[in-house]
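Dropping input_12.cif in here (mmCIF, C-alpha atoms):
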data_work
#
loop_
_atom_site.label_atom_id
_atom_site.label_comp_id
_atom_site.auth_asym_id
_atom_site.auth_seq_id
_atom_site.Cartn_x
_atom_site.Cartn_y
_atom_site.Cartn_z
CA MET A 691 -15.57 30.21 1.83
CA SER A 692 -13.55 29.87 4.98
CA ALA A 693 -15.88 27.41 6.67
CA PHE A 694 -16.19 25.13 3.67
CA GLY A 695 -12.71 25.85 2.39
CA HIS A 696 -11.04 24.01 5.20
CA PHE A 697 -13.51 21.15 5.43
CA SER A 698 -11.19 18.69 3.71
CA TYR A 699 -8.49 19.47 6.26
CA TRP A 700 -10.91 18.80 9.09
CA ILE A 701 -11.79 15.39 7.73
CA THR A 702 -8.08 14.70 7.52
CA MET A 703 -7.56 15.81 11.10
CA PHE A 704 -10.45 13.68 12.31
CA LEU A 705 -9.05 10.58 10.62
CA LEU A 706 -5.63 11.40 11.97
CA ALA A 707 -6.91 11.73 15.52
CA ALA A 708 -8.95 8.52 15.21
CA GLY A 709 -5.94 6.61 13.94
CA LEU A 710 -3.80 7.99 16.74
CA TYR A 711 -6.44 7.06 19.30
CA ILE A 712 -6.58 3.48 18.04
CA VAL A 713 -2.81 3.21 18.16
CA ILE A 714 -2.58 4.53 21.72
CA ALA A 715 -5.68 3.09 23.34
CA ARG A 716 -6.04 -0.36 21.87
CA GLY A 717 -3.86 -3.15 23.16
CA HIS A 718 -4.00 -5.69 20.37
CA LEU A 719 -1.07 -5.33 18.02
CA VAL A 720 -3.00 -6.11 14.83
CA LYS A 721 -5.50 -3.43 15.72
CA LYS A 722 -2.69 -1.00 16.35
CA LEU A 723 -1.49 -1.67 12.81
CA VAL A 724 -4.97 -1.02 11.42
CA GLY A 725 -4.98 2.27 13.33
CA LEU A 726 -1.60 3.09 11.91
CA SER A 727 -2.87 2.54 8.38
CA ILE A 728 -5.84 4.83 9.06
CA PHE A 729 -3.35 7.43 10.23
CA GLN A 730 -1.51 6.88 6.99
CA THR A 731 -4.57 7.29 4.78
CA SER A 732 -5.29 10.58 6.51
CA VAL A 733 -1.88 11.72 5.33
CA TYR A 734 -2.84 10.71 1.79
CA LEU A 735 -5.80 13.05 2.04
CA LEU A 736 -3.63 15.77 3.52
CA TYR A 737 -1.45 15.64 0.43
CA ILE A 738 -4.05 15.05 -2.25
CA ALA A 739 -6.79 17.44 -1.18
CA PRO A 740 -4.82 20.70 -1.60
CA GLY A 741 -3.81 19.62 -5.09
CA LYS A 742 -7.39 19.51 -6.32
CA LEU A 743 -8.70 22.38 -8.38
CA VAL A 744 -12.43 22.68 -8.80
CA GLY A 745 -13.14 22.40 -12.50
CA GLY A 746 -9.83 20.71 -13.07
CA THR A 747 -9.39 17.19 -14.27
CA ALA A 748 -6.99 14.33 -13.68
CA PRO A 749 -3.48 15.23 -14.84
CA ILE A 750 -3.52 13.40 -18.15
CA ILE A 751 -2.73 15.96 -20.80
CA SER A 752 -5.27 16.26 -23.58
CA ASP A 753 -6.36 19.02 -25.92
CA LYS A 754 -9.84 19.05 -24.49
CA PHE A 755 -8.86 20.30 -21.04
CA THR A 756 -6.92 23.24 -19.80
CA VAL A 757 -7.11 22.98 -16.01
CA TYR A 758 -5.46 20.04 -14.32
CA SER A 759 -5.14 19.06 -10.71
CA ASN A 760 -1.69 19.00 -9.26
CA PRO A 761 0.16 15.82 -10.27
CA LEU A 762 3.02 16.07 -7.79
CA PRO A 763 1.16 14.93 -4.64
CA HIS A 764 -0.30 12.07 -6.65
CA VAL A 765 3.18 10.80 -7.42
CA LEU A 766 4.31 11.11 -3.82
CA ILE A 767 1.25 9.34 -2.43
CA LEU A 768 1.32 6.63 -5.09
CA THR A 769 4.71 5.55 -3.85
CA ALA A 770 3.64 6.06 -0.23
CA ILE A 771 0.75 3.61 -0.61
CA VAL A 772 2.94 0.86 -1.94
CA VAL A 773 5.60 1.47 0.70
CA GLY A 774 2.78 1.53 3.25
CA ILE A 775 1.55 -1.93 2.34
CA ALA A 776 5.09 -3.28 2.35
CA THR A 777 5.78 -1.91 5.82
CA LEU A 778 2.35 -3.08 7.01
CA ALA A 779 3.30 -6.57 5.90
CA LEU A 780 6.59 -6.26 7.76
CA GLY A 781 4.73 -5.17 10.89
CA LEU A 782 2.31 -8.07 10.58
CA ALA A 783 5.21 -10.46 10.23
CA LEU A 784 6.66 -9.06 13.44
CA VAL A 785 3.30 -9.47 15.17
CA VAL A 786 3.11 -13.08 14.04
CA ARG A 787 6.56 -13.75 15.44
CA ILE A 788 5.68 -11.99 18.70
CA ARG A 789 2.54 -14.09 18.98
CA GLU A 790 4.59 -17.23 18.50
CA ALA A 791 7.17 -16.18 21.07
CA TYR A 792 4.78 -14.90 23.76
CA GLY A 793 1.56 -16.75 23.00
CA SER A 794 -0.30 -13.46 22.87
CA ALA A 795 -0.55 -10.33 20.78
CA GLU A 796 -1.90 -8.13 23.56
CA GLU A 797 0.44 -5.37 24.58
CA ASP A 798 -0.38 -5.65 28.30
CA GLU A 799 0.25 -9.36 28.45
CA ILE A 800 3.52 -9.05 26.60
CA LEU A 801 4.72 -6.34 28.97
CA ALA A 802 3.60 -8.39 31.98
CA GLN A 803 5.52 -11.39 30.69
CA ASP A 804 8.59 -9.26 30.15
CA GLU A 805 8.39 -7.92 33.70
CA ARG A 806 8.00 -11.39 35.10
CA ALA A 807 11.01 -12.57 33.14
CA ALA A 808 13.05 -9.61 34.38
CA ARG A 809 12.04 -10.33 37.97
CA ASP A 810 12.97 -13.98 37.63
CA ALA A 811 16.30 -13.04 36.16
CA ARG A 812 17.00 -10.75 39.13
CA ALA A 813 15.91 -13.43 41.62
CA THR A 814 18.36 -16.01 40.34
CA MET B 897 -12.72 -23.60 -1.16
CA ARG B 898 -11.91 -26.10 -3.84
CA ASN B 899 -15.38 -27.63 -3.66
CA TYR B 900 -17.41 -24.58 -4.49
CA LEU B 901 -18.31 -24.99 -8.13
CA VAL B 902 -19.47 -21.42 -8.65
CA LEU B 903 -16.28 -19.99 -7.21
CA ARG B 904 -14.12 -22.26 -9.30
CA VAL B 905 -15.85 -21.41 -12.54
CA VAL B 906 -15.95 -17.70 -11.81
CA ALA B 907 -12.30 -17.75 -10.85
CA LYS B 908 -11.36 -19.54 -14.04
CA ILE B 909 -13.20 -16.96 -16.10
CA MET B 910 -11.99 -13.97 -14.14
CA ILE B 911 -8.29 -14.62 -13.70
CA PRO B 912 -7.22 -14.34 -17.36
CA PHE B 913 -9.06 -11.05 -17.59
CA MET B 914 -7.44 -9.82 -14.42
CA LEU B 915 -4.02 -10.59 -15.82
CA LEU B 916 -4.94 -9.01 -19.13
CA TYR B 917 -6.17 -5.94 -17.31
CA ALA B 918 -2.89 -5.79 -15.42
CA LEU B 919 -1.01 -5.78 -18.71
CA TYR B 920 -3.31 -3.07 -20.04
CA VAL B 921 -2.68 -0.99 -16.95
CA GLN B 922 1.04 -1.54 -17.33
CA PHE B 923 1.40 -0.66 -20.99
CA HIS B 924 -1.33 1.92 -21.26
CA GLY B 925 -0.05 3.68 -18.15
CA ASP B 926 1.58 6.32 -20.31
CA TYR B 927 -1.73 7.48 -21.72
CA GLY B 928 -4.28 6.69 -19.04
CA PRO B 929 -4.25 6.10 -15.33
CA GLY B 930 -2.01 3.26 -14.36
CA GLY B 931 1.59 2.21 -14.30
CA GLY B 932 3.98 -0.22 -12.77
CA PHE B 933 2.70 -0.11 -9.20
CA GLN B 934 -0.90 -0.76 -10.08
CA ALA B 935 -0.07 -3.44 -12.61
CA GLY B 936 2.17 -5.25 -10.17
CA VAL B 937 -0.46 -5.20 -7.48
CA ILE B 938 -3.17 -6.44 -9.86
CA ILE B 939 -0.98 -9.31 -11.07
CA ALA B 940 -0.31 -10.28 -7.46
CA ALA B 941 -4.01 -9.98 -6.63
CA ALA B 942 -4.96 -12.29 -9.52
CA ILE B 943 -2.54 -14.95 -8.37
CA ILE B 944 -3.61 -14.54 -4.73
CA PHE B 945 -7.20 -15.03 -5.88
CA TYR B 946 -6.12 -18.18 -7.65
CA ALA B 947 -4.34 -19.39 -4.54
CA ILE B 948 -7.37 -18.73 -2.34
CA VAL B 949 -9.73 -20.63 -4.61
CA PHE B 950 -7.56 -23.50 -5.78
CA GLY B 951 -5.26 -23.85 -2.81
CA LEU B 952 -1.81 -22.53 -2.05
CA ALA B 953 -0.07 -25.70 -3.18
CA THR B 954 -1.55 -25.43 -6.67
CA ALA B 955 -0.62 -21.76 -6.91
CA ARG B 956 2.90 -22.60 -5.82
CA ARG B 957 3.13 -25.07 -8.68
CA VAL B 958 1.93 -22.48 -11.19
CA VAL B 959 4.06 -19.63 -9.87
CA PRO B 960 6.94 -21.32 -8.05
CA ASP B 961 8.88 -19.71 -5.24
CA TRP B 962 12.11 -19.36 -7.16
CA LEU B 963 10.30 -17.36 -9.83
CA VAL B 964 8.77 -15.03 -7.26
CA GLU B 965 12.07 -14.53 -5.50
CA THR B 966 13.80 -13.86 -8.79
CA CYS B 967 11.16 -11.25 -9.64
CA LEU B 968 11.71 -9.65 -6.27
CA ALA B 969 15.31 -8.85 -7.03
CA ALA B 970 15.05 -8.58 -10.81
CA GLY B 971 12.80 -5.53 -10.71
CA VAL B 972 15.22 -3.47 -8.66
CA LEU B 973 18.05 -4.60 -10.90
CA ILE B 974 16.13 -3.63 -14.06
CA TYR B 975 15.50 -0.20 -12.56
CA ALA B 976 19.10 0.32 -11.51
CA GLY B 977 20.21 -1.19 -14.82
CA VAL B 978 18.36 1.53 -16.73
CA GLY B 979 20.31 4.06 -14.69
CA LEU B 980 23.61 2.33 -15.40
CA VAL B 981 22.89 2.09 -19.13
CA GLY B 982 22.38 5.84 -19.01
CA ILE B 983 25.89 6.22 -17.55
CA LEU B 984 27.41 3.84 -20.09
CA LEU B 985 25.90 5.80 -22.95
CA GLY B 986 27.50 8.96 -21.63
CA GLY B 987 24.73 10.54 -19.61
CA ASN B 988 23.98 10.77 -15.90
CA PHE B 989 22.50 8.06 -13.71
CA LEU B 990 18.83 7.58 -14.69
CA ASP B 991 19.32 9.94 -17.61
CA TYR B 992 16.93 8.76 -20.31
CA PHE B 993 17.73 11.31 -22.97
CA VAL B 994 20.72 9.29 -24.15
CA LEU B 995 18.83 6.01 -24.52
CA ASP B 996 17.81 6.81 -28.06
CA ARG B 997 18.85 9.23 -30.79
CA ASP B 998 15.63 11.09 -30.35
CA PRO B 999 15.55 12.38 -26.76
CA VAL B 1000 11.77 12.06 -26.50
CA ALA B 1001 11.86 8.46 -27.66
CA GLY B 1002 14.69 7.90 -25.20
CA GLN B 1003 12.54 9.24 -22.41
CA HIS B 1004 9.75 6.98 -23.48
CA ARG B 1005 12.01 3.97 -23.51
CA GLY B 1006 13.44 4.81 -20.12
CA ILE B 1007 10.01 5.23 -18.58
CA PHE B 1008 8.89 1.95 -20.08
CA TRP B 1009 11.74 -0.04 -18.58
CA VAL B 1010 11.56 1.71 -15.25
CA GLU B 1011 7.86 0.94 -15.01
CA ALA B 1012 8.57 -2.65 -15.97
CA GLY B 1013 11.08 -2.90 -13.15
CA VAL B 1014 8.66 -1.41 -10.65
CA CYS B 1015 5.90 -3.77 -11.79
CA VAL B 1016 8.08 -6.87 -11.46
CA THR B 1017 9.31 -5.94 -8.01
CA VAL B 1018 5.91 -5.01 -6.64
CA ALA B 1019 4.26 -8.16 -7.99
CA GLY B 1020 7.08 -10.29 -6.62
CA VAL B 1021 7.07 -8.71 -3.18
CA MET B 1022 3.29 -8.83 -2.74
CA LEU B 1023 3.12 -12.44 -3.86
CA LYS B 1024 6.05 -13.48 -1.73
CA ILE B 1025 4.56 -11.82 1.34
CA PHE B 1026 1.29 -13.61 0.70
CA TYR B 1027 3.06 -16.94 0.31
CA MET B 1028 4.94 -16.38 3.54
CA PHE B 1029 1.80 -15.58 5.53
CA ALA B 1030 -0.37 -18.24 3.97
CA GLY B 1031 2.25 -20.96 4.03
CA ARG B 1032 2.89 -20.57 7.73
CA ARG B 1033 0.89 -22.76 10.04
CA ARG B 1034 -0.38 -21.81 13.42
CA GLU B 1035 2.09 -22.93 15.97
CA ASP B 1036 -0.32 -25.00 18.03
CA ASP B 1037 -2.01 -26.65 15.05
CA ASP B 1038 0.68 -29.07 14.23
CA ALA B 1039 2.38 -29.41 17.59
CA MET C 425 -19.39 7.79 5.83
CA MET C 426 -15.69 7.41 6.27
CA ALA C 427 -15.97 8.91 9.74
CA VAL C 428 -18.65 6.37 10.69
CA VAL C 429 -16.53 3.47 9.50
CA THR C 430 -13.53 4.85 11.37
CA VAL C 431 -15.46 5.09 14.61
CA ALA C 432 -16.76 1.57 14.04
CA ILE C 433 -13.19 0.34 13.64
CA ALA C 434 -12.19 2.10 16.83
CA VAL C 435 -14.92 0.58 19.01
CA GLN C 436 -15.17 -2.85 17.42
CA GLY C 437 -13.55 -5.59 19.47
CA ASN C 438 -13.84 -8.41 16.98
CA LEU C 439 -10.72 -8.26 14.87
CA PHE C 440 -12.28 -9.99 11.90
CA ALA C 441 -14.91 -7.25 11.74
CA VAL C 442 -12.14 -4.67 12.05
CA VAL C 443 -10.38 -6.08 9.01
CA VAL C 444 -13.53 -6.12 6.90
CA LEU C 445 -14.36 -2.58 7.98
CA GLY C 446 -10.83 -1.60 7.08
CA SER C 447 -11.48 -2.92 3.58
CA ILE C 448 -14.67 -0.87 3.31
CA TYR C 449 -12.74 2.13 4.56
CA SER C 450 -10.18 1.69 1.81
CA PHE C 451 -12.86 1.59 -0.85
CA LEU C 452 -14.41 4.77 0.49
CA MET C 453 -10.99 6.38 0.52
CA ALA C 454 -10.47 5.33 -3.09
CA THR C 455 -13.80 6.93 -4.02
CA ALA C 456 -12.80 10.13 -2.29
CA LEU C 457 -9.52 10.11 -4.19
CA VAL C 458 -11.34 9.76 -7.52
CA ALA C 459 -13.42 12.78 -6.54
CA LEU C 460 -10.16 14.61 -5.89
CA ASP C 461 -8.91 13.79 -9.43
CA ALA C 462 -6.22 11.43 -8.22
CA VAL C 463 -7.17 8.52 -10.45
CA ASP C 464 -3.79 6.81 -10.31
CA VAL C 465 -3.72 6.99 -6.55
CA ALA C 466 -7.32 5.80 -6.27
CA MET C 467 -6.56 2.80 -8.42
CA THR C 468 -3.61 1.91 -6.24
CA GLU C 469 -5.54 2.44 -3.03
CA ALA C 470 -8.43 0.27 -4.22
CA SER C 471 -6.21 -2.61 -5.24
CA VAL C 472 -3.71 -2.31 -2.40
CA GLY C 473 -5.84 -1.15 0.50
CA ALA C 474 -9.02 -3.05 -0.21
CA GLY C 475 -7.41 -6.04 -1.89
CA ILE C 476 -3.96 -7.05 -0.81
CA SER C 477 -3.84 -5.54 2.66
CA THR C 478 -7.16 -7.18 3.57
CA VAL C 479 -5.83 -10.55 2.49
CA LEU C 480 -2.62 -10.00 4.43
CA LEU C 481 -4.46 -8.88 7.56
CA LEU C 482 -6.72 -11.92 7.37
CA GLY C 483 -3.74 -14.17 6.89
CA ALA C 484 -1.99 -12.61 9.87
CA LEU C 485 -5.19 -12.83 11.90
CA HIS C 486 -5.39 -16.52 11.15
CA LEU C 487 -1.91 -16.89 12.57
CA VAL C 488 -2.37 -14.55 15.52
CA ARG C 489 -5.93 -15.44 16.27
CA GLY C 490 -8.16 -14.09 18.90
CA GLU C 491 -10.49 -11.53 20.17
CA GLU C 492 -9.26 -8.28 21.45
CA GLN C 493 -9.40 -7.87 25.18
CA LYS C 494 -11.27 -4.96 26.59
CA PRO C 495 -8.73 -2.29 27.28
CA ARG C 496 -8.14 -2.32 30.98
CA GLY C 497 -6.99 1.25 31.36
CA ARG C 498 -9.36 4.16 31.07
CA PRO C 499 -9.69 5.22 27.44
CA TRP C 500 -10.12 8.88 28.37
CA LEU C 501 -6.49 9.85 28.47
CA PRO C 502 -5.66 8.72 24.91
CA LEU C 503 -8.97 10.12 23.73
CA ALA C 504 -8.17 13.47 25.28
CA ALA C 505 -4.68 13.40 23.80
CA SER C 506 -6.05 12.67 20.32
CA VAL C 507 -8.74 15.33 20.57
CA VAL C 508 -6.28 17.95 21.78
CA MET C 509 -3.91 17.13 18.97
CA ALA C 510 -6.72 17.30 16.42
CA GLY C 511 -7.79 20.63 17.89
CA VAL C 512 -4.29 22.07 17.57
CA LEU C 513 -4.05 20.84 13.99
CA VAL C 514 -7.47 22.24 13.07
CA TYR C 515 -6.35 25.56 14.51
CA GLY C 516 -3.30 25.24 12.31
CA THR C 517 -5.40 24.68 9.18
CA PHE C 518 -6.71 28.24 9.39
CA GLY C 519 -3.28 29.37 8.27
CA LEU C 520 -3.47 27.19 5.17
CA PRO C 521 -4.93 28.19 1.82
CA GLY C 522 -8.54 27.13 1.27
CA PHE C 523 -9.73 24.22 -0.80
CA SER C 524 -9.15 24.59 -4.53
CA ASP C 525 -7.25 27.86 -4.23
CA ALA C 526 -5.38 28.21 -7.51
CA GLY C 527 -3.02 30.73 -5.94
CA ALA C 528 -1.84 28.36 -3.24
CA PRO C 529 1.92 27.74 -3.09
CA ILE C 530 1.42 24.09 -4.05
CA HIS C 531 0.34 25.13 -7.54
CA GLN C 532 3.08 27.70 -8.07
CA HIS C 533 6.49 26.08 -8.18
CA VAL C 534 7.53 23.01 -10.13
CA VAL C 535 4.09 21.91 -11.17
CA PRO C 536 3.43 24.35 -14.05
CA ARG C 537 6.63 23.13 -15.64
CA TYR C 538 5.50 19.51 -15.31
CA LEU C 539 2.10 20.27 -16.77
CA ASN C 540 3.42 22.42 -19.62
CA ASP C 541 6.52 20.55 -20.63
CA ALA C 542 5.94 16.91 -19.75
CA VAL C 543 4.42 15.98 -23.09
CA ARG C 544 7.08 17.79 -25.07
CA GLU C 545 9.97 16.41 -23.05
CA THR C 546 8.86 12.84 -22.44
CA GLY C 547 6.08 12.14 -24.90
CA VAL C 548 3.93 10.76 -22.07
CA PRO C 549 0.54 12.43 -21.63
CA ASN C 550 -0.07 10.99 -18.18
CA VAL C 551 1.88 13.48 -16.13
CA VAL C 552 1.79 11.28 -13.05
CA THR C 553 3.67 8.55 -14.89
CA ALA C 554 6.09 11.06 -16.39
CA VAL C 555 6.93 12.59 -13.02
CA LEU C 556 7.08 9.22 -11.30
CA ALA C 557 9.42 7.53 -13.70
CA SER C 558 11.36 10.38 -15.23
CA TYR C 559 11.50 13.64 -13.29
CA ARG C 560 11.55 11.91 -9.94
CA GLY C 561 13.22 8.71 -10.99
CA TYR C 562 15.53 8.73 -7.98
CA ASP C 563 12.58 8.80 -5.58
CA THR C 564 10.99 5.87 -7.30
CA LEU C 565 14.22 3.92 -7.37
CA GLY C 566 14.62 4.44 -3.63
CA GLU C 567 11.03 3.51 -3.07
CA THR C 568 11.32 0.32 -5.11
CA THR C 569 14.32 -0.52 -2.98
CA VAL C 570 12.26 0.04 0.17
CA VAL C 571 9.59 -2.34 -1.11
CA PHE C 572 12.27 -4.88 -1.93
CA THR C 573 13.82 -4.50 1.50
CA ALA C 574 10.47 -4.91 3.22
CA GLY C 575 9.85 -8.07 1.23
CA ALA C 576 13.27 -9.37 2.21
CA GLY C 577 12.50 -8.50 5.84
CA VAL C 578 9.26 -10.46 5.78
CA ILE C 579 11.07 -13.42 4.28
CA ALA C 580 13.72 -13.22 6.98
CA LEU C 581 11.10 -13.01 9.74
CA LEU C 582 8.76 -15.74 8.61
CA ARG C 583 11.06 -18.22 6.98
CA ARG C 584 12.23 -20.19 9.95
CA ARG C 585 10.29 -23.12 11.34
CA ARG C 586 8.29 -23.47 8.20
CA ARG C 587 7.18 -27.05 8.34
CA ASP C 588 5.31 -28.75 5.54
CA ARG C 589 5.87 -26.03 3.00
CA ARG C 590 4.70 -28.36 0.26
CA ASP C 591 1.11 -28.79 1.27
CA GLY C 592 0.56 -25.45 2.95
CA ASP C 593 -2.98 -24.49 2.10
CA VAL C 594 -5.16 -21.50 2.83
CA ARG C 595 -8.72 -21.97 3.71
#

I need this file expressed as structure tokens, please.
Amino acid sequence: MSAFGHFSYWITMFLLAAGLYIVIARGHLVKKLVGLSIFQTSVYLLYIAPGKLVGGTAPIISDKFTVYSNPLPHVLILTAIVVGIATLALGLALVVRIREAYGSAEEDEILAQDERAARDARAT
Amino acid sequence: MRNYLVLRVVAKIMIPFMLLYALYVQFHGDYGPGGGFQAGVIIAAAIIFYAIVFGLATARRVVPDWLVETCLAAGVLIYAGVGLVGILLGGNFLDYFVLDRDPVAGQHRGIFWVEAGVCVTVAGVMLKIFYMFAGRRREDDDA
Amino acid sequence: MMAVVTVAIAVQGNLFAVVVLGSIYSFLMATALVALDAVDVAMTEASVGAGISTVLLLGALHLVRGEEQKPRGRPWLPLAASVVMAGVLVYGTFGLPGFSDAGAPIHQHVVPRYLNDAVRETGVPNVVTAVLASYRGYDTLGETTVVFTAGAGVIALLRRRRRDRRDGDVR
């Protein structure tokens, strides 16, 4: 029981770590956002998986069923998904503006440009 | 993509059904899976599909910007309006029991309007975001 | 499956491939959610994650353009950080109730009331809808406002310097 019983959590943790890795290690801002959304989906699993009951069914009340999975995480995650896409769009809009301002969406290049600008400002 | 005959025909057949399905999801959401969020997203997806196949300019003629922007704000106002109606009828904010003589029917009515508000906002926001991204040109294309 | 796709996303340098893989990932996630009885959530994830967000990412990619550079720094430090964090969290999961444990705290508190009384109180058999719109109406109102605000933010960010808005066309 114990080994299998926590399997869903482990998947969640793996996805979480992978998303975190992409966010930290990859320089391109669009890719960082993809990593962030993977991180986010792992949180969906973290919420939904404990609510499942084996033998239960989707929480739509009917006379034929007696065991239902937990509806509360579903509600929370439903709203989280839609907020997630809205914030993802906001992030993408920021990336587009950054690309237009700097000519690049790579984190390293942007930081290098900022440093150069700071140095020039000090020189004058 | 305007020149691909297959895509055009398939799109013409599919889009009405997508919109119909969105309405089904919206109004049947009380009894089956679905609700305002899903319906809004499906409506937006149908129109985005239309825009991809027939061109953004055509889609903007069918669903103009002012309509989308109105939807954007109208949904939140509908939602908040349901809450305010609850206050006016002597209940609390977002209290649906007072919306009808029969409390259960009142609940039903409240849920219906709230879902409608959510659907309108979500569809409006998704569509507007798509318009903004698609309508923007690359900086160096037209310089 | 999902793990494979995730690793592919992590190592893939071509951003277009990353976006398509992200779409596949969303579909797989939606399937997993159906298996976990969360039909409403799965429906949303399939239409939002695989549909709209793919379109948005492609649109943004068209504007941003470009291949990803090879990361110049050594990837081992972030990898180690992620692995250590995952290890700590996995250790933490041993304190949590097992999968499908009906006695877990999550099934004990407000949920029985929702499941028992939702139909009587709201007349809506889909408990998810009832909780979303009625019991937790404030949450949903706030959340709708967040979506609205994000939309307004995107408009504010992308509106300026929009030339030729009439004949803007996606390819």

*Could you list, as a ChimeraX atom specification, every residue of chain A that has an atom within 12 Å of an atom of chain B, counting only C-alpha atoms?*
/A:748-752,761,764-765,767-794

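Here atom CA of A:Gly725 and atom CA of A:Val713 stand 5.4 Å from one another.
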
Which residues of chain C have any atom within 8 Å of an atom in chain B when counting all atoms listed in the file, and what is the closest pair of atoms for each, with the distance in Å to one decimal? Order the rows by chain and rising number and write it as CSV.
residue,atom,partner,partner_atom,distance
C:Val463,CA,B:Pro929,CA,6.2
C:Asp464,CA,B:Pro929,CA,5.1
C:Met467,CA,B:Gln934,CA,6.9
C:Thr468,CA,B:Gln934,CA,5.4
C:Ser471,CA,B:Val937,CA,6.7
C:Val472,CA,B:Val937,CA,6.7
C:Gly475,CA,B:Ala941,CA,7.0
C:Ile476,CA,B:Ala941,CA,6.5
C:Val479,CA,B:Phe1026,CA,8.0
C:Leu480,CA,B:Phe1026,CA,6.5
C:Gly483,CA,B:Phe1029,CA,5.9
C:Ala484,CA,B:Phe1029,CA,6.5
C:His486,CA,B:Arg1034,CA,7.6
C:Leu487,CA,B:Arg1034,CA,5.2
C:Val488,CA,B:Arg1034,CA,7.8
C:Arg544,CA,B:Val1000,CA,7.5
C:Glu545,CA,B:Val1000,CA,5.8
C:Thr546,CA,B:Val1000,CA,5.1
C:Gly547,CA,B:Val1000,CA,5.9
C:Val548,CA,B:Asp926,CA,5.3
C:Pro549,CA,B:Tyr927,CA,5.4
C:Asn550,CA,B:Tyr927,CA,5.3
C:Thr553,CA,B:Asp926,CA,6.2
C:Ala554,CA,B:Ile1007,CA,7.4
C:Ala557,CA,B:Ile1007,CA,5.4
C:Ser558,CA,B:Ile1007,CA,6.3
C:Gly561,CA,B:Leu990,CA,6.8
C:Tyr562,CA,B:Leu990,CA,7.6
C:Leu565,CA,B:Tyr975,CA,6.7
C:Thr568,CA,B:Val1014,CA,6.4
C:Thr569,CA,B:Val972,CA,6.5
C:Val571,CA,B:Val1021,CA,7.2
C:Phe572,CA,B:Leu968,CA,6.5
C:Gly575,CA,B:Val1021,CA,5.3
C:Val578,CA,B:Ile1025,CA,6.6
C:Ile579,CA,B:Met1028,CA,6.8
C:Leu582,CA,B:Met1028,CA,6.4
C:Arg583,CA,B:Met1028,CA,7.3
C:Arg586,CA,B:Arg1032,CA,6.1
C:Arg587,CA,B:Arg1032,CA,7.8
C:Arg589,CA,B:Gly1031,CA,6.3
C:Arg590,CA,B:Ala953,CA,6.5
C:Asp591,CA,B:Ala953,CA,5.5
C:Gly592,CA,B:Gly1031,CA,4.9
C:Asp593,CA,B:Leu952,CA,4.7
C:Val594,CA,B:Ala1030,CA,5.9
C:Arg595,CA,B:Met897,CA,6.5

How close does chain C get to chain A? List, as a Markdown table, each residue of chain C within 6 Å, its nearest atom pair and the distance in Å to one decimal, counting all atoms listed in the file.
| residue | atom | partner | partner_atom | distance |
| --- | --- | --- | --- | --- |
| C:Ala434 | CA | A:Ile712 | CA | 5.9 |
| C:Leu460 | CA | A:Lys742 | CA | 5.6 |
| C:Asp461 | CA | A:Ala748 | CA | 4.7 |
| C:Val465 | CA | A:Leu768 | CA | 5.3 |
| C:Val488 | CA | A:Val786 | CA | 5.9 |
| C:Glu492 | CA | A:His718 | CA | 6.0 |
| C:Pro502 | CA | A:Ala715 | CA | 5.8 |
| C:Leu503 | CA | A:Tyr711 | CA | 5.9 |
| C:Ser506 | CA | A:Ala707 | CA | 5.0 |
| C:Ala510 | CA | A:Met703 | CA | 5.6 |
| C:Gly522 | CA | A:Gly695 | CA | 4.5 |
| C:Phe523 | CA | A:Gly695 | CA | 4.7 |
| C:Ser524 | CA | A:Leu743 | CA | 4.5 |
| C:Pro549 | CA | A:Ile751 | CA | 4.9 |
| C:Asn550 | CA | A:Ile750 | CA | 4.2 |
| C:Val551 | CA | A:Ile750 | CA | 5.8 |
| C:Val552 | CA | A:Pro761 | CA | 5.6 |
| C:Leu556 | CA | A:Val765 | CA | 5.7 |
| C:Val571 | CA | A:Ala776 | CA | 5.8 |
| C:Ala574 | CA | A:Ala776 | CA | 5.7 |
| C:Val578 | CA | A:Leu780 | CA | 5.4 |

*Can you tell me how far atom CA of C:Ala456 sits from atom CA of C:Glu567, in Å to one decimal?*
24.7 Å

_Two-atom distance - atom CA of A:Asp753, atom CA of C:Pro536 (Å)_ = 16.3 Å

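When all atoms listed in the file are used to measure the gap to C:Leu481, the shortest distance among C:Thr517, C:Ser447, C:Thr573, C:Asn540 belongs to C:Ser447.
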
For stretch 917-922 of chain B, supply N, CA and C atoms and report the output as an mmCIF file, in the frame of the given file.
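Done, and the output landed in result.cif:
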data_model
loop_
_atom_site.group_PDB
_atom_site.id
_atom_site.type_symbol
_atom_site.label_atom_id
_atom_site.label_comp_id
_atom_site.auth_asym_id
_atom_site.auth_seq_id
_atom_site.Cartn_x
_atom_site.Cartn_y
_atom_site.Cartn_z
ATOM 1 N N TYR B 917 -5.959 -7.305 -17.768
ATOM 2 C CA TYR B 917 -6.170 -5.940 -17.310
ATOM 3 C C TYR B 917 -4.878 -5.385 -16.706
ATOM 4 N N ALA B 918 -4.162 -6.238 -15.995
ATOM 5 C CA ALA B 918 -2.890 -5.790 -15.420
ATOM 6 C C ALA B 918 -1.940 -5.360 -16.525
ATOM 7 N N LEU B 919 -1.896 -6.149 -17.608
ATOM 8 C CA LEU B 919 -1.010 -5.780 -18.710
ATOM 9 C C LEU B 919 -1.459 -4.484 -19.361
ATOM 10 N N TYR B 920 -2.789 -4.325 -19.489
ATOM 11 C CA TYR B 920 -3.310 -3.070 -20.040
ATOM 12 C C TYR B 920 -2.877 -1.896 -19.186
ATOM 13 N N VAL B 921 -3.049 -2.072 -17.858
ATOM 14 C CA VAL B 921 -2.680 -0.990 -16.950
ATOM 15 C C VAL B 921 -1.200 -0.681 -17.075
ATOM 16 N N GLN B 922 -0.404 -1.740 -17.229
ATOM 17 C CA GLN B 922 1.040 -1.540 -17.330
ATOM 18 C C GLN B 922 1.414 -0.768 -18.591
#
